[in-house]
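Enquirer: Supplied in structure tokens, the structure appears directly below.
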Amino acid sequence: DTGVSQDPRHKITKRGQNVTFRCDPISEHNRLYWYRQTLGQGPEFLTYFQNEAQLEKSRLLSDRFSAERPKGSFSTLEIQRTEQGDSAMYLCASSFTRRSYNEQFFGPGTRLTVL
Amino acid sequence: DAKTTQPPSMDCAEGRAANLPCNHSTISGNEYVYWYRQIHSQGPQYIIHGLKNNETNEMASLIITEDRKSSTLILPHATLRDTAVYYCIVRVVNFGNEKLTFGTGTRLTIIP
């Protein structure tokens, strides 16, 4: 068990550019979640997948954001036309539905800075 | 999911028990209490959860009051590595309610 991994760990981009983040969940986990965290706040839910199906999206996930999980393994989160307000830590988590309480395991996050 | 209230910060001496309170006065009967913590520059880490009964695991103990309106997370022998932000979350555990709703948590500082 290598845990949840995220790549890159840090990303600096200019306003208007597109960025893509990757998350690799724990191998047997069928659920994958994306959260966003700004300074001094707790993480905020963005979206989650069960296998390859995206089952819930927060209203925080504007049309500039898109998430995919092809084949139900790794996931990508893309932000198009980045804005300074997108600067945040983007966290990925995974879980296994057969665990009765659905504990979520988080990755280390990708810190995005939009200049 | 019910809202929780936690003190913004607490200090605890190394080696002593750290008691972190959480108020969830509007909790409903099918909502569980979860605790996560977030060490600086890392993702949140699950600690413990409970419904009615007190719970203990290798990391901590969770004491839930009889009316379930509040709970306390106890770290029995705090170490410097326990310095983190601790989040108390209440949620219904069922299919279709997957998200964790974090508040601002309690910043616990362990003093040497």
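In the structure tokens, chains take the letters A, B, ... in the order shown, each chain's residues start at 1, and ligands count up from 1 in the order shown.
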Find the residues near Thr4 in chain B: any atom within 8 Å, counting only C-alpha atoms, skip ones fewer than 6 places away on the same chain, and give them as a PyMOL selection string.
Expert: chain B and resi 22-25+88-90+103
Enquirer: If you count only C-alpha atoms, which residues fall within 10 Å of Thr76 in chain A, apart from same-chain ones fewer than 6 positions away, as a PyMOL selection string?
Expert: chain A and resi 6-7+20-24+34+66-70+92
Enquirer: What are the residues of chain A lining chain B at 6 Å or less? Count only C-alpha atoms, and put the answer as a CSV table (one decimal) with all heavy atoms, in the first residue's frame.
Expert:
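Result went into out20.csv, see below:
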```
chain,number,residue,atom,x,y,z
A,41,GLN,N,-8.6,27.6,5.8
A,41,GLN,CA,-9.9,27.0,5.7
A,41,GLN,C,-9.8,25.5,5.7
A,41,GLN,O,-8.7,24.9,5.3
A,41,GLN,CB,-10.7,27.4,4.5
A,41,GLN,CG,-10.9,28.9,4.4
A,41,GLN,CD,-11.7,29.4,5.5
A,41,GLN,OE1,-12.8,28.9,5.9
A,41,GLN,NE2,-11.2,30.5,6.2
A,42,GLY,N,-10.8,24.7,6.0
A,42,GLY,CA,-10.8,23.3,5.8
A,42,GLY,C,-11.0,23.0,4.4
A,42,GLY,O,-11.5,23.8,3.6
A,43,PRO,N,-10.8,21.7,4.0
A,43,PRO,CA,-11.0,21.3,2.6
A,43,PRO,C,-12.5,21.4,2.2
A,43,PRO,O,-13.3,21.2,3.1
A,43,PRO,CB,-10.5,19.8,2.6
A,43,PRO,CG,-9.6,19.7,3.7
A,43,PRO,CD,-10.1,20.7,4.8
A,106,PHE,N,-6.4,10.5,2.2
A,106,PHE,CA,-6.0,11.7,1.4
A,106,PHE,C,-4.6,11.6,0.9
A,106,PHE,O,-3.7,11.0,1.6
A,106,PHE,CB,-6.1,12.9,2.3
A,106,PHE,CG,-7.6,13.4,2.4
A,106,PHE,CD1,-8.4,12.8,3.4
A,106,PHE,CD2,-8.1,14.4,1.6
A,106,PHE,CE1,-9.7,13.2,3.5
A,106,PHE,CE2,-9.4,14.8,1.8
A,106,PHE,CZ,-10.2,14.2,2.7
A,107,GLY,N,-4.4,12.2,-0.2
A,107,GLY,CA,-3.0,12.4,-0.7
A,107,GLY,C,-2.4,13.6,-0.2
A,107,GLY,O,-3.0,14.4,0.6
A,108,PRO,N,-1.2,13.9,-0.6
A,108,PRO,CA,-0.5,15.1,0.0
A,108,PRO,C,-0.9,16.4,-0.7
A,108,PRO,O,-0.6,17.5,-0.1
A,108,PRO,CB,1.0,14.8,-0.4
A,108,PRO,CG,0.9,14.0,-1.6
A,108,PRO,CD,-0.3,13.1,-1.5
```
Enquirer: Within 12 Å of Phe65 in chain A, counting only C-alpha atoms, which residues show up once you throw out same-chain ones fewer than 3 positions away? Write them as a ChimeraX atom specification, please.
Expert: /A:18-21,34,36,46-47,57-62,68,76-83,86
Enquirer: Next, the residues of the selection above should be written as a PDB file, in the first residue's frame with N, CA and C atoms.
Expert:
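result_18.pdb, written as the output of this step:
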```
ATOM      1  N   ASN A  18      -4.091  26.762 -18.826  1.00  0.00           N
ATOM      2  CA  ASN A  18      -4.757  25.543 -18.371  1.00  0.00           C
ATOM      3  C   ASN A  18      -3.783  24.706 -17.559  1.00  0.00           C
ATOM      4  N   VAL A  19      -4.292  24.034 -16.543  1.00  0.00           N
ATOM      5  CA  VAL A  19      -3.464  23.138 -15.750  1.00  0.00           C
ATOM      6  C   VAL A  19      -4.199  21.814 -15.552  1.00  0.00           C
ATOM      7  N   THR A  20      -3.428  20.749 -15.378  1.00  0.00           N
ATOM      8  CA  THR A  20      -3.999  19.424 -15.132  1.00  0.00           C
ATOM      9  C   THR A  20      -3.247  18.765 -14.001  1.00  0.00           C
ATOM     10  N   PHE A  21      -4.001  18.198 -13.073  1.00  0.00           N
ATOM     11  CA  PHE A  21      -3.421  17.484 -11.940  1.00  0.00           C
ATOM     12  C   PHE A  21      -3.818  16.022 -12.032  1.00  0.00           C
ATOM     13  N   TRP A  34     -12.199  14.618  -4.983  1.00  0.00           N
ATOM     14  CA  TRP A  34     -11.370  15.815  -5.104  1.00  0.00           C
ATOM     15  C   TRP A  34     -11.919  16.876  -4.148  1.00  0.00           C
ATOM     16  N   ARG A  36     -10.803  20.977  -2.488  1.00  0.00           N
ATOM     17  CA  ARG A  36      -9.961  22.165  -2.620  1.00  0.00           C
ATOM     18  C   ARG A  36      -9.842  22.821  -1.254  1.00  0.00           C
ATOM     19  N   LEU A  46     -15.258  18.921  -3.934  1.00  0.00           N
ATOM     20  CA  LEU A  46     -15.489  19.323  -5.326  1.00  0.00           C
ATOM     21  C   LEU A  46     -16.308  18.278  -6.079  1.00  0.00           C
ATOM     22  N   THR A  47     -15.847  17.007  -6.038  1.00  0.00           N
ATOM     23  CA  THR A  47     -16.511  15.981  -6.810  1.00  0.00           C
ATOM     24  C   THR A  47     -16.041  14.615  -6.354  1.00  0.00           C
ATOM     25  N   LYS A  57     -21.104  16.394  -8.106  1.00  0.00           N
ATOM     26  CA  LYS A  57     -20.264  17.567  -8.335  1.00  0.00           C
ATOM     27  C   LYS A  57     -20.776  18.717  -7.491  1.00  0.00           C
ATOM     28  N   SER A  58     -19.874  19.386  -6.797  1.00  0.00           N
ATOM     29  CA  SER A  58     -20.232  20.569  -6.025  1.00  0.00           C
ATOM     30  C   SER A  58     -20.475  21.750  -6.968  1.00  0.00           C
ATOM     31  N   ARG A  59     -21.255  22.694  -6.483  1.00  0.00           N
ATOM     32  CA  ARG A  59     -21.428  23.915  -7.298  1.00  0.00           C
ATOM     33  C   ARG A  59     -20.142  24.737  -7.351  1.00  0.00           C
ATOM     34  N   LEU A  60     -19.175  24.378  -6.505  1.00  0.00           N
ATOM     35  CA  LEU A  60     -17.860  25.024  -6.591  1.00  0.00           C
ATOM     36  C   LEU A  60     -17.153  24.659  -7.891  1.00  0.00           C
ATOM     37  N   LEU A  61     -17.540  23.539  -8.475  1.00  0.00           N
ATOM     38  CA  LEU A  61     -16.897  23.046  -9.686  1.00  0.00           C
ATOM     39  C   LEU A  61     -17.509  23.758 -10.888  1.00  0.00           C
ATOM     40  N   SER A  62     -16.924  24.925 -11.206  1.00  0.00           N
ATOM     41  CA  SER A  62     -17.468  25.706 -12.319  1.00  0.00           C
ATOM     42  C   SER A  62     -17.189  24.999 -13.637  1.00  0.00           C
ATOM     43  N   GLU A  68     -11.922  13.670 -14.588  1.00  0.00           N
ATOM     44  CA  GLU A  68     -12.161  12.394 -15.252  1.00  0.00           C
ATOM     45  C   GLU A  68     -11.504  11.286 -14.463  1.00  0.00           C
ATOM     46  N   THR A  76      -7.846  12.673 -13.228  1.00  0.00           N
ATOM     47  CA  THR A  76      -7.251  13.963 -13.544  1.00  0.00           C
ATOM     48  C   THR A  76      -8.260  15.065 -13.262  1.00  0.00           C
ATOM     49  N   LEU A  77      -7.753  16.187 -12.814  1.00  0.00           N
ATOM     50  CA  LEU A  77      -8.557  17.389 -12.603  1.00  0.00           C
ATOM     51  C   LEU A  77      -7.937  18.481 -13.457  1.00  0.00           C
ATOM     52  N   GLU A  78      -8.705  19.002 -14.394  1.00  0.00           N
ATOM     53  CA  GLU A  78      -8.208  20.055 -15.263  1.00  0.00           C
ATOM     54  C   GLU A  78      -8.908  21.361 -14.937  1.00  0.00           C
ATOM     55  N   ILE A  79      -8.150  22.424 -14.910  1.00  0.00           N
ATOM     56  CA  ILE A  79      -8.713  23.761 -14.751  1.00  0.00           C
ATOM     57  C   ILE A  79      -8.329  24.553 -16.003  1.00  0.00           C
ATOM     58  N   GLN A  80      -9.331  25.030 -16.697  1.00  0.00           N
ATOM     59  CA  GLN A  80      -9.082  25.823 -17.901  1.00  0.00           C
ATOM     60  C   GLN A  80      -9.140  27.303 -17.560  1.00  0.00           C
ATOM     61  N   ARG A  81      -8.351  28.089 -18.295  1.00  0.00           N
ATOM     62  CA  ARG A  81      -8.361  29.563 -18.140  1.00  0.00           C
ATOM     63  C   ARG A  81      -8.267  29.936 -16.661  1.00  0.00           C
ATOM     64  N   THR A  82      -7.187  29.511 -16.032  1.00  0.00           N
ATOM     65  CA  THR A  82      -7.046  29.706 -14.589  1.00  0.00           C
ATOM     66  C   THR A  82      -7.180  31.173 -14.198  1.00  0.00           C
ATOM     67  N   GLU A  83      -7.707  31.357 -13.006  1.00  0.00           N
ATOM     68  CA  GLU A  83      -7.878  32.683 -12.412  1.00  0.00           C
ATOM     69  C   GLU A  83      -7.121  32.710 -11.082  1.00  0.00           C
ATOM     70  N   ASP A  86      -8.289  30.658  -8.222  1.00  0.00           N
ATOM     71  CA  ASP A  86      -8.114  29.206  -8.245  1.00  0.00           C
ATOM     72  C   ASP A  86      -6.911  28.777  -7.421  1.00  0.00           C
TER      73      ASP A  86
END
```
Enquirer: From chain B, collect each residue whose DSSP state is strand (DSSP E) and return the set as an NGL selection string.
Expert: :B and (9-13 or 18-23 or 31-38 or 45-50 or 55-56 or 61-64 or 70-75 or 84-92 or 106-111)
Enquirer: Go ahead and dump the residues you just picked, N, CA and C atoms, as a compact mmCIF listing (two decimals), in the first residue's frame.
Expert:
```
# COMPACT_ATOMS: atom_id res chain seq x y z
N SER B 9 -8.20 27.26 18.58
CA SER B 9 -6.86 26.82 18.91
C SER B 9 -6.79 26.32 20.35
N MET B 10 -5.81 25.44 20.59
CA MET B 10 -5.56 24.91 21.93
C MET B 10 -4.08 24.58 22.02
N ASP B 11 -3.56 24.65 23.25
CA ASP B 11 -2.20 24.20 23.54
C ASP B 11 -2.27 23.03 24.49
N CYS B 12 -1.28 22.15 24.42
CA CYS B 12 -1.19 21.04 25.36
C CYS B 12 0.28 20.73 25.58
N ALA B 13 0.64 20.42 26.81
CA ALA B 13 2.02 20.06 27.11
C ALA B 13 2.33 18.66 26.61
N ALA B 18 -4.37 15.39 25.52
CA ALA B 18 -5.00 16.51 24.82
C ALA B 18 -6.48 16.18 24.65
N ASN B 19 -7.34 17.09 25.12
CA ASN B 19 -8.78 16.89 25.03
C ASN B 19 -9.36 17.94 24.11
N LEU B 20 -9.84 17.52 22.96
CA LEU B 20 -10.37 18.46 21.97
C LEU B 20 -11.88 18.35 21.91
N PRO B 21 -12.58 19.44 22.26
CA PRO B 21 -14.04 19.39 22.27
C PRO B 21 -14.65 19.72 20.92
N CYS B 22 -15.86 19.23 20.73
CA CYS B 22 -16.63 19.55 19.53
C CYS B 22 -18.10 19.60 19.90
N ASN B 23 -18.75 20.67 19.50
CA ASN B 23 -20.19 20.79 19.74
C ASN B 23 -20.94 20.50 18.45
N GLU B 31 -26.50 10.34 12.19
CA GLU B 31 -25.23 10.97 11.85
C GLU B 31 -24.11 10.49 12.75
N TYR B 32 -23.00 10.16 12.13
CA TYR B 32 -21.81 9.73 12.85
C TYR B 32 -20.93 10.95 13.13
N VAL B 33 -20.09 10.83 14.15
CA VAL B 33 -19.07 11.84 14.44
C VAL B 33 -17.73 11.29 13.97
N TYR B 34 -17.06 12.04 13.11
CA TYR B 34 -15.74 11.68 12.59
C TYR B 34 -14.72 12.72 13.06
N TRP B 35 -13.50 12.26 13.25
CA TRP B 35 -12.40 13.17 13.48
C TRP B 35 -11.29 12.89 12.47
N TYR B 36 -10.81 13.95 11.87
CA TYR B 36 -9.64 13.93 11.00
C TYR B 36 -8.64 14.96 11.53
N ARG B 37 -7.39 14.78 11.18
CA ARG B 37 -6.41 15.83 11.49
C ARG B 37 -5.56 16.10 10.26
N GLN B 38 -4.98 17.28 10.23
CA GLN B 38 -4.15 17.69 9.10
C GLN B 38 -2.88 18.32 9.64
N GLN B 45 -5.90 13.28 7.70
CA GLN B 45 -5.72 11.88 8.10
C GLN B 45 -6.87 11.49 8.99
N TYR B 46 -7.52 10.38 8.68
CA TYR B 46 -8.60 9.87 9.51
C TYR B 46 -8.06 9.47 10.89
N ILE B 47 -8.82 9.80 11.94
CA ILE B 47 -8.42 9.40 13.29
C ILE B 47 -9.37 8.36 13.84
N ILE B 48 -10.65 8.70 13.92
CA ILE B 48 -11.61 7.85 14.61
C ILE B 48 -13.00 8.30 14.25
N HIS B 49 -14.00 7.46 14.46
CA HIS B 49 -15.39 7.86 14.29
C HIS B 49 -16.25 7.10 15.29
N GLY B 50 -17.47 7.60 15.51
CA GLY B 50 -18.40 6.91 16.40
C GLY B 50 -19.82 7.38 16.18
N GLU B 55 -15.45 5.29 21.67
CA GLU B 55 -14.61 4.48 20.82
C GLU B 55 -13.14 4.74 21.15
N THR B 56 -12.33 3.72 20.97
CA THR B 56 -10.89 3.86 21.18
C THR B 56 -10.16 3.09 20.09
N SER B 61 -9.06 8.32 21.62
CA SER B 61 -10.36 7.91 22.14
C SER B 61 -11.37 8.98 21.79
N LEU B 62 -12.60 8.56 21.57
CA LEU B 62 -13.70 9.46 21.25
C LEU B 62 -14.78 9.26 22.29
N ILE B 63 -15.09 10.34 22.99
CA ILE B 63 -16.14 10.30 24.01
C ILE B 63 -17.32 11.11 23.48
N ILE B 64 -18.47 10.49 23.36
CA ILE B 64 -19.68 11.15 22.87
C ILE B 64 -20.66 11.23 24.03
N SER B 70 -22.48 16.71 21.89
CA SER B 70 -21.07 17.11 21.88
C SER B 70 -20.19 15.87 22.03
N SER B 71 -18.93 16.06 21.70
CA SER B 71 -17.98 14.95 21.82
C SER B 71 -16.60 15.52 22.15
N THR B 72 -15.72 14.64 22.59
CA THR B 72 -14.35 15.02 22.91
C THR B 72 -13.40 13.99 22.32
N LEU B 73 -12.43 14.47 21.60
CA LEU B 73 -11.35 13.61 21.11
C LEU B 73 -10.22 13.68 22.12
N ILE B 74 -9.73 12.53 22.54
CA ILE B 74 -8.66 12.50 23.52
C ILE B 74 -7.42 11.83 22.91
N LEU B 75 -6.33 12.58 22.91
CA LEU B 75 -5.03 12.02 22.56
C LEU B 75 -4.33 11.75 23.90
N ALA B 84 -1.21 19.77 14.95
CA ALA B 84 -1.97 19.68 13.70
C ALA B 84 -3.28 20.45 13.86
N VAL B 85 -4.01 20.56 12.77
CA VAL B 85 -5.39 21.05 12.83
C VAL B 85 -6.31 19.83 12.90
N TYR B 86 -7.21 19.83 13.88
CA TYR B 86 -8.11 18.71 14.11
C TYR B 86 -9.52 19.11 13.70
N TYR B 87 -10.13 18.29 12.86
CA TYR B 87 -11.46 18.57 12.34
C TYR B 87 -12.47 17.57 12.89
N CYS B 88 -13.56 18.09 13.40
CA CYS B 88 -14.69 17.28 13.84
C CYS B 88 -15.77 17.40 12.76
N ILE B 89 -16.25 16.28 12.28
CA ILE B 89 -17.22 16.27 11.18
C ILE B 89 -18.35 15.33 11.57
N VAL B 90 -19.58 15.74 11.29
CA VAL B 90 -20.70 14.82 11.47
C VAL B 90 -21.34 14.56 10.11
N ARG B 91 -21.67 13.32 9.85
CA ARG B 91 -22.24 13.00 8.55
C ARG B 91 -23.04 11.71 8.62
N VAL B 92 -24.01 11.65 7.74
CA VAL B 92 -24.75 10.42 7.54
C VAL B 92 -23.91 9.50 6.66
N THR B 106 -9.72 22.84 14.95
CA THR B 106 -8.95 23.34 16.09
C THR B 106 -7.47 23.15 15.80
N ARG B 107 -6.73 24.22 15.89
CA ARG B 107 -5.27 24.12 15.72
C ARG B 107 -4.67 23.75 17.07
N LEU B 108 -4.19 22.52 17.20
CA LEU B 108 -3.59 22.01 18.44
C LEU B 108 -2.08 22.16 18.35
N THR B 109 -1.51 22.82 19.35
CA THR B 109 -0.06 22.96 19.42
C THR B 109 0.43 22.22 20.65
N ILE B 110 1.34 21.30 20.47
CA ILE B 110 1.93 20.57 21.58
C ILE B 110 3.21 21.31 21.99
N ILE B 111 3.25 21.67 23.26
CA ILE B 111 4.35 22.47 23.79
C ILE B 111 5.39 21.54 24.42
```
Enquirer: State, in Å with one decimal place, the distance from CA of Ser75 in chain A to CA of Pro25 in chain A.
Expert: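 Pair CA of Ser75 in chain A / CA of Pro25 in chain A returns 8.2 Å.
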Enquirer: Give me, please, the distance in Å between CA of Ile27 in chain B and CA of Glu66 in chain B, quoted to one decimal.
Expert: 12.3 Å
Enquirer: Using CA of Glu14 in chain B and CA of Leu80 in chain B as the two end points, give the distance in Å to one decimal.
Expert: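 Going from CA of Glu14 in chain B over to CA of Leu80 in chain B covers 6.5 Å.
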Enquirer: Which is closest to Gln104 in chain A among A:Arg31, A:Thr2, A:Phe45, A:Gly16, if we use only C-alpha atoms?
Expert: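 Checking each candidate against Gln104 in chain A, we get A:Arg31 as the closest.
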Enquirer: From the list B:His40, B:His77, B:Arg68, B:Lys3, which residue is nearest Lys52 in chain B when using only C-alpha atoms?
Expert: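 Counting only C-alpha atoms, the residue closest to Lys52 in chain B is B:Arg68.
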Enquirer: Name the residues of chain A that come out as helix (DSSP H, G or I) in a backbone DSSP run; write them as number ranges by chain.
Expert: A: 70-72, 84-86
